[in-house]
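*Asks:* Provided herewith is a single structure, encoded as structure tokens, for subsequent inquiry.
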Number of protein chains: 2
Amino acid sequence: MLDESGSKISPRTISRLPVYWRYLKELDDFGIERISSRELAGRIGSTPSQLRQDLNQFGHFGQHGYGYPVEELLSSISQILGLNRTRKMIIVGMGNLGMAIASYENFGRRNIKLAALFDVDPERIGTVVSDVQIQHADEMPKFLEENQIDIGCVSTPPEVAQEAVTTMEHGGVLGIWNFAPVKLQTKLPVEHLHLGDSLLELLYRIGRREDK
Amino acid sequence: MLDESGSKISPRTISRLPVYWRYLKELDDFGIERISSRELAGRIGSTPSQLRQDLNQFGHFGQHGYGYPVEELLSSISQILGLNRTRKMIIVGMGNLGMAIASYENFGRRNIKLAALFDVDPERIGTVVSDVQIQHADEMPKFLEENQIDIGCVSTPPEVAQEAVTTMEHGGVLGIWNFAPVKLQTKLPVEHLHLGDSLLELLYRIGRREDK
DNA sequence: CAGCTTATGTTAATCTTATAACAAGGCTTG
DNA sequence: CAAGCCTTGTTATAAGATTAACATAAGCTG
Ligand SMILES: NC(=O)c1ccc[n+]([C@@H]2O[C@H](COP(=O)([O-])OP(=O)(O)OC[C@H]3O[C@@H](n4cnc5c(N)ncnc54)[C@H](O)[C@@H]3O)[C@@H](O)[C@H]2O)c1
Ligand SMILES: NC(=O)c1ccc[n+]([C@@H]2O[C@H](COP(=O)([O-])OP(=O)(O)OC[C@H]3O[C@@H](n4cnc5c(N)ncnc54)[C@H](O)[C@@H]3O)[C@@H](O)[C@H]2O)c1
């Protein structure tokens with residue numbers, strides 16, 4: 001009984017699913033077979049109520065008076081998140097950040113495969129990162145025609161991010177993972193990750209703390 | 001009339017302040033002198049109501065029938081965020097991500113100064129990034145004794161992140177900017193930025209989209 | 001300079017999210 | 001194997017956030 005369609009899942013719940021996935025994976029790796037909502041919530045830094053509320057939006061995974069079977073729940077959440085099928089990702093803009101992302105080894109655990117890398121800097125083109133060679137961004141439309149890509153990661157300077165996204169959308173990419181600090185014009189789902197904003201938020205909280 | 005103490009600012013509002021700051025800075029750079037909540041909200045992808053609601057938690061910055069003076073509002077928000085004073089940051093864990101962050105040029109615009117870099121890998125120690133030399137992590141306690149540091153950026157592997165944070169907290173660091181996917185035990189304000197979680201969220205949204 | 005236009009500050013209503021409470025149901029233990 | 005003990009699923013309550021509405025006040029125009 002997974003994710004009965006028709007019911008809308010709350011955005012807050014969605015943003016917590018990856019956290020649940022991570023902790024469950026850890027428990028499973030440790031060989032722990034069952035866990036209560038209280039115990040799991042404690043580790044995560046959440047509340048039992050919220051955890052149960054979240055999970056029950058997708059179905060009934062627990063057992064009365066017993067808790068949740070770790071392996072089964074992990075598998076269910078993996079399926080909800082779409083981790084059961086492999087997704088292909090490309091990265092546009094192989095600067096500092098693009099390099100770091102391309103070098104990250106743990107995408108495999110999430111069933112994500114690096115399919116291509118693009119830049120415009122002649123110095124960078126040809127370089128091999130994580131077994132993938134950087135191509136010129138001009139090659140992208142042709143590449144997208146020949147390959148079905150799921151995720152387009154944008155780590156270009158903000159001025160050219162929109163252009164890259166437009167190309168990707170036309171090329172059939174399904175979602176955008178964006179690090180450039182701009183609002184993107186697209187119908188695709190976009191996941192923003194702006195480091196600068198996050199740092200400013202921290203700054204604010206540090207400042208407020210000192211006042212007291 | 002800035003930020004009358006006693007009134008609690010909503011977390012959601014706080015997370016939008018950096019966005020306002022970014023867009024106002026852009027307007028100011030373009031020499032635009034005034035803007036209405038409708039116009040600004042339109043650019044940001046928000047609503048006029050929300051924008052006014054947010055700003056009015058801190059004071060009265062606008063003028064009836066006129067809008068907001070860009071330069072003045074920018075200056076007010078800068079002050080609210082604490083950008084008027086310079087903050088010192090250190091980075092622990094100079095791997096892929098640490099390198100990218102250290103190489104980012106725009107921290108200066110936010111009045112943040114890179115004070116030191118730490119790692120344990122002998123290959124990396126001694127390397128100079130953005131005019132700062134990487135030191136051994138063992139030097140950190142001594143460095144923190146001699147220097148007042150505001151922000152500690154954690155980009156180590158998750159297993160050693162807690163240790164680094166403990167050292168930083170003891171050393172008088174005021175806030176943690178964390179990229180390691182672990183819950184940190186500390187009384188300091190922590191700003192999490194987990195790339196993996198963000199990617200999984202995107203994956204979920206891509207999956208849901210295909211269903212329809 | 002008076003009336004009109006415009007966009008604010010603020011209050012009210014709606015919608016969303018989180019917390020709390022509890023009845024129902026399955027394990028466990030003696 | 002039956003009584004008790006847990007912990008779930010679910011419903012109810014409270015808190016928080018967003019959207020909408022509107023009276024108010026400042027600029028602008030003729
Ligand atoms: N590195 C950070 O810590 C950091 C922090 C905050 C925000 N960001 C944002 O992340 C993005 C990437 O940051 P970065 O530090 O890696 O910048 P960077 O300048 O190091 O990298 C940008 C790369 O994009 C390439 N590029 C330029 N135009 C292109 C195009 N049309 N097509 C493809 N590639 C193109 C450049 O050649 C360069 O290699 C930027 O938008 C930046 O604002 C980065
Ligand atoms: N790069 C990515 O795209 C990405 C994605 C998701 C999460 N993350 C997380 O960000 C963090 C950093 O990622 P990365 O890709 O840069 O990893 P990395 O392995 O490239 O870098 C880690 C660095 O930390 C150093 N280190 C190890 N122990 C240390 C210690 N005790 N003190 C100081 N330094 C120490 C290592 O020598 C290495 O240079 C990790 O926690 C990772 O899980 C990274």
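The way I read the labels, and the way they are meant: chains A, B, ... in the order of the structure tokens, residue 1 as the first residue of every chain, and ligand 1 as the first ligand shown, with later ones counted on from there.
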Check which residues fall inside 10 Å of ligand 1 when counting only C-alpha atoms (C1' of nucleotides) and all ligand atoms, and print them as an MDAnalysis selection string.
*Replies:* (chainID A and resid 91:101 117:125 135:138 140 154:164 178:182 193:199) or (chainID B and resid 97:107)
*Asks:* May I have the residues within 9 Å of DA18 of chain C as a ChimeraX atom specification, using only C-alpha atoms (C1' of nucleotides) and disregarding those fewer than 5 positions away in the same chain?
*Replies:* /A:49-50 /D:14-16
*Asks:* As a list of chain:residue names, please: all residues of segment 58-145 of chain A that backbone DSSP puts in strand (DSSP E).
*Replies:* A:Tyr68, A:Pro69, A:Arg87, A:Lys88, A:Met89, A:Ile90, A:Ile91, A:Val92, A:Ile112, A:Lys113, A:Leu114, A:Ala115, A:Ala116, A:Leu117, A:Phe118, A:Asp119, A:Val128, A:Val129, A:Val132, A:Gln133, A:Ile134, A:Gln135, A:His136
*Asks:* Write out the residues from the selection above, keeping C-alpha atoms, as a compact mmCIF listing (two decimals), in the first residue's frame.
*Replies:*
# COMPACT_ATOMS: atom_id res chain seq x y z
CA TYR A 68 9.08 -0.70 12.29
CA PRO A 69 11.05 -3.42 10.50
CA ARG A 87 19.10 7.90 -12.95
CA LYS A 88 21.55 9.60 -15.24
CA MET A 89 22.98 13.00 -14.34
CA ILE A 90 25.00 15.57 -16.25
CA ILE A 91 26.86 18.56 -14.82
CA VAL A 92 27.18 21.89 -16.62
CA ILE A 112 22.81 7.98 -9.75
CA LYS A 113 25.22 7.68 -12.65
CA LEU A 114 27.36 10.48 -14.02
CA ALA A 115 26.65 10.55 -17.76
CA ALA A 116 28.46 13.66 -19.02
CA LEU A 117 30.26 16.85 -17.98
CA PHE A 118 30.24 20.19 -19.80
CA ASP A 119 32.18 23.45 -19.65
CA VAL A 128 38.69 13.33 -17.07
CA VAL A 129 36.82 13.39 -13.75
CA VAL A 132 34.00 11.01 -17.51
CA GLN A 133 35.61 13.44 -19.92
CA ILE A 134 34.61 17.09 -19.90
CA GLN A 135 33.10 18.21 -23.22
CA HIS A 136 32.36 21.62 -24.66
*Asks:* Compute the chain D side of the contact with chain B at 8 Å, counting only C-alpha atoms (C1' of nucleotides), and hand it back as a VMD selection string.
*Replies:* chain D and resid 18 to 19 25 to 27
*Asks:* May I have the residues from that selection written out with all heavy atoms, as a tab-separated table (two decimals), in the first residue's frame?
*Replies:*
chain	number	residue	atom	x	y	z
D	18	DT	P	5.56	31.16	4.92
D	18	DT	OP1	6.43	30.48	3.96
D	18	DT	OP2	5.98	32.41	5.58
D	18	DT	O5'	4.15	31.42	4.20
D	18	DT	C5'	3.49	30.32	3.59
D	18	DT	C4'	2.13	30.77	3.09
D	18	DT	O4'	1.32	31.25	4.20
D	18	DT	C3'	2.17	31.91	2.08
D	18	DT	O3'	1.40	31.48	0.98
D	18	DT	C2'	1.56	33.10	2.83
D	18	DT	C1'	0.62	32.40	3.80
D	18	DT	N1	0.27	33.14	5.06
D	18	DT	C2	-1.06	33.29	5.40
D	18	DT	O2	-1.97	32.87	4.72
D	18	DT	N3	-1.28	33.97	6.59
D	18	DT	C4	-0.32	34.49	7.44
D	18	DT	O4	-0.64	35.07	8.47
D	18	DT	C5	1.05	34.29	7.01
D	18	DT	C7	2.16	34.82	7.86
D	18	DT	C6	1.28	33.64	5.87
D	19	DT	P	1.47	32.24	-0.43
D	19	DT	OP1	1.58	31.23	-1.49
D	19	DT	OP2	2.45	33.34	-0.33
D	19	DT	O5'	0.02	32.88	-0.51
D	19	DT	C5'	-1.11	32.05	-0.28
D	19	DT	C4'	-2.30	32.91	0.08
D	19	DT	O4'	-2.13	33.49	1.40
D	19	DT	C3'	-2.55	34.08	-0.88
D	19	DT	O3'	-3.82	33.89	-1.46
D	19	DT	C2'	-2.46	35.33	0.01
D	19	DT	C1'	-2.76	34.75	1.40
D	19	DT	N1	-2.21	35.49	2.57
D	19	DT	C2	-3.08	35.88	3.56
D	19	DT	O2	-4.28	35.67	3.53
D	19	DT	N3	-2.49	36.54	4.62
D	19	DT	C4	-1.14	36.84	4.76
D	19	DT	O4	-0.73	37.43	5.76
D	19	DT	C5	-0.29	36.40	3.68
D	19	DT	C7	1.18	36.67	3.74
D	19	DT	C6	-0.86	35.75	2.65
D	25	DA	P	-3.19	57.69	8.73
D	25	DA	OP1	-2.64	57.69	10.10
D	25	DA	OP2	-4.37	58.53	8.40
D	25	DA	O5'	-2.03	58.06	7.73
D	25	DA	C5'	-0.85	57.26	7.71
D	25	DA	C4'	-0.12	57.50	6.42
D	25	DA	O4'	-0.92	57.01	5.32
D	25	DA	C3'	0.16	58.97	6.11
D	25	DA	O3'	1.46	59.07	5.59
D	25	DA	C2'	-0.86	59.32	5.05
D	25	DA	C1'	-0.94	57.99	4.31
D	25	DA	N9	-2.14	57.76	3.52
D	25	DA	C8	-3.44	58.02	3.86
D	25	DA	N7	-4.31	57.70	2.94
D	25	DA	C5	-3.53	57.19	1.91
D	25	DA	C6	-3.85	56.68	0.64
D	25	DA	N6	-5.09	56.60	0.18
D	25	DA	N1	-2.83	56.25	-0.14
D	25	DA	C2	-1.59	56.34	0.33
D	25	DA	N3	-1.16	56.80	1.50
D	25	DA	C4	-2.19	57.22	2.25
D	26	DA	P	2.40	60.25	6.03
D	26	DA	OP1	3.29	59.77	7.11
D	26	DA	OP2	1.56	61.46	6.25
D	26	DA	O5'	3.28	60.49	4.73
D	26	DA	C5'	4.00	59.39	4.19
D	26	DA	C4'	3.87	59.40	2.70
D	26	DA	O4'	2.49	59.19	2.32
D	26	DA	C3'	4.27	60.72	2.05
D	26	DA	O3'	5.50	60.48	1.39
D	26	DA	C2'	3.13	61.04	1.07
D	26	DA	C1'	2.30	59.77	1.06
D	26	DA	N9	0.86	59.93	0.91
D	26	DA	C8	0.00	60.46	1.81
D	26	DA	N7	-1.26	60.45	1.42
D	26	DA	C5	-1.21	59.88	0.17
D	26	DA	C6	-2.21	59.58	-0.78
D	26	DA	N6	-3.52	59.84	-0.59
D	26	DA	N1	-1.83	59.00	-1.93
D	26	DA	C2	-0.53	58.73	-2.12
D	26	DA	N3	0.50	58.96	-1.30
D	26	DA	C4	0.08	59.54	-0.15
D	27	DG	P	6.24	61.48	0.53
D	27	DG	OP1	7.70	61.24	0.58
D	27	DG	OP2	5.69	62.83	0.76
D	27	DG	O5'	5.68	60.89	-0.82
D	27	DG	C5'	6.48	60.82	-1.98
D	27	DG	C4'	5.52	60.58	-3.11
D	27	DG	O4'	4.16	60.67	-2.61
D	27	DG	C3'	5.64	61.62	-4.20
D	27	DG	O3'	5.76	60.94	-5.42
D	27	DG	C2'	4.33	62.41	-4.11
D	27	DG	C1'	3.38	61.38	-3.53
D	27	DG	N9	2.23	61.92	-2.81
D	27	DG	C8	2.21	62.55	-1.59
D	27	DG	N7	1.01	62.90	-1.19
D	27	DG	C5	0.19	62.46	-2.22
D	27	DG	C6	-1.24	62.56	-2.33
D	27	DG	O6	-2.04	63.06	-1.55
D	27	DG	N1	-1.68	62.00	-3.52
D	27	DG	C2	-0.87	61.41	-4.46
D	27	DG	N2	-1.49	60.92	-5.55
D	27	DG	N3	0.45	61.30	-4.36
D	27	DG	C4	0.91	61.85	-3.21
*Asks:* For the structure I just gave you, how does DSSP split segment 27-141 of chain A - specifically, which residues are helix (DSSP H, G or I)? Reply as a VMD selection string.
*Replies:* chain A and resid 27 to 29 37 to 44 48 to 55 70 to 81 96 to 103 105 to 110 137 to 141
*Asks:* Residues near segment 169-171 of chain B, anyone? I mean within 8 Å using only C-alpha atoms (C1' of nucleotides), not counting same-chain ones fewer than 4 positions away, as a PyMOL selection string.
*Replies:* chain B and resi 141+144-145+165+186+188
*Asks:* For the selection you just gave me, I'd like the residues written to a file as a compact mmCIF listing (two decimals), in the first residue's frame, keeping N, CA, C and O atoms.
*Replies:*
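The result, written out as again-v3.txt:
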# COMPACT_ATOMS: atom_id res chain seq x y z
N PRO B 141 43.31 23.70 17.75
CA PRO B 141 43.07 24.25 19.10
C PRO B 141 43.96 25.45 19.40
O PRO B 141 43.47 26.47 19.90
N LEU B 144 42.84 28.48 17.42
CA LEU B 144 41.59 29.07 17.94
C LEU B 144 41.84 29.83 19.25
O LEU B 144 41.11 30.78 19.57
N GLU B 145 42.84 29.40 19.98
CA GLU B 145 43.18 30.13 21.20
C GLU B 145 43.71 31.52 20.87
O GLU B 145 43.41 32.49 21.56
N VAL B 165 33.77 19.65 15.30
CA VAL B 165 32.84 20.63 15.87
C VAL B 165 33.12 20.84 17.35
O VAL B 165 33.09 21.98 17.85
N THR B 186 26.00 19.94 19.61
CA THR B 186 26.62 21.22 19.97
C THR B 186 25.54 22.22 20.36
O THR B 186 24.39 22.10 19.95
N LEU B 188 26.00 25.40 19.67
CA LEU B 188 26.15 26.49 18.70
C LEU B 188 25.06 26.42 17.64
O LEU B 188 24.53 25.34 17.37
*Asks:* Identify all chain C residues at most 12 Å from chain B by counting only C-alpha atoms (C1' of nucleotides); ligands do not count. Present them as a tab-separated table (two decimals) with C-alpha atoms (C1' of nucleotides), in the first residue's frame.
*Replies:*
chain	number	residue	atom	x	y	z
C	4	DC	C1'	-6.72	61.25	-7.01
C	5	DT	C1'	-3.81	57.46	-7.38
C	6	DT	C1'	-0.94	54.21	-5.48
C	7	DA	C1'	1.33	51.03	-2.52
C	8	DT	C1'	2.15	50.59	2.19
C	9	DG	C1'	1.31	48.67	7.17
C	10	DT	C1'	-1.77	45.88	9.51
C	11	DT	C1'	-5.50	43.11	10.64
*Asks:* Of the candidates B:Leu203, B:Cys153, B:Leu73, B:Leu40, which one gets nearest to chain A if we count only C-alpha atoms?
*Replies:* B:Leu203
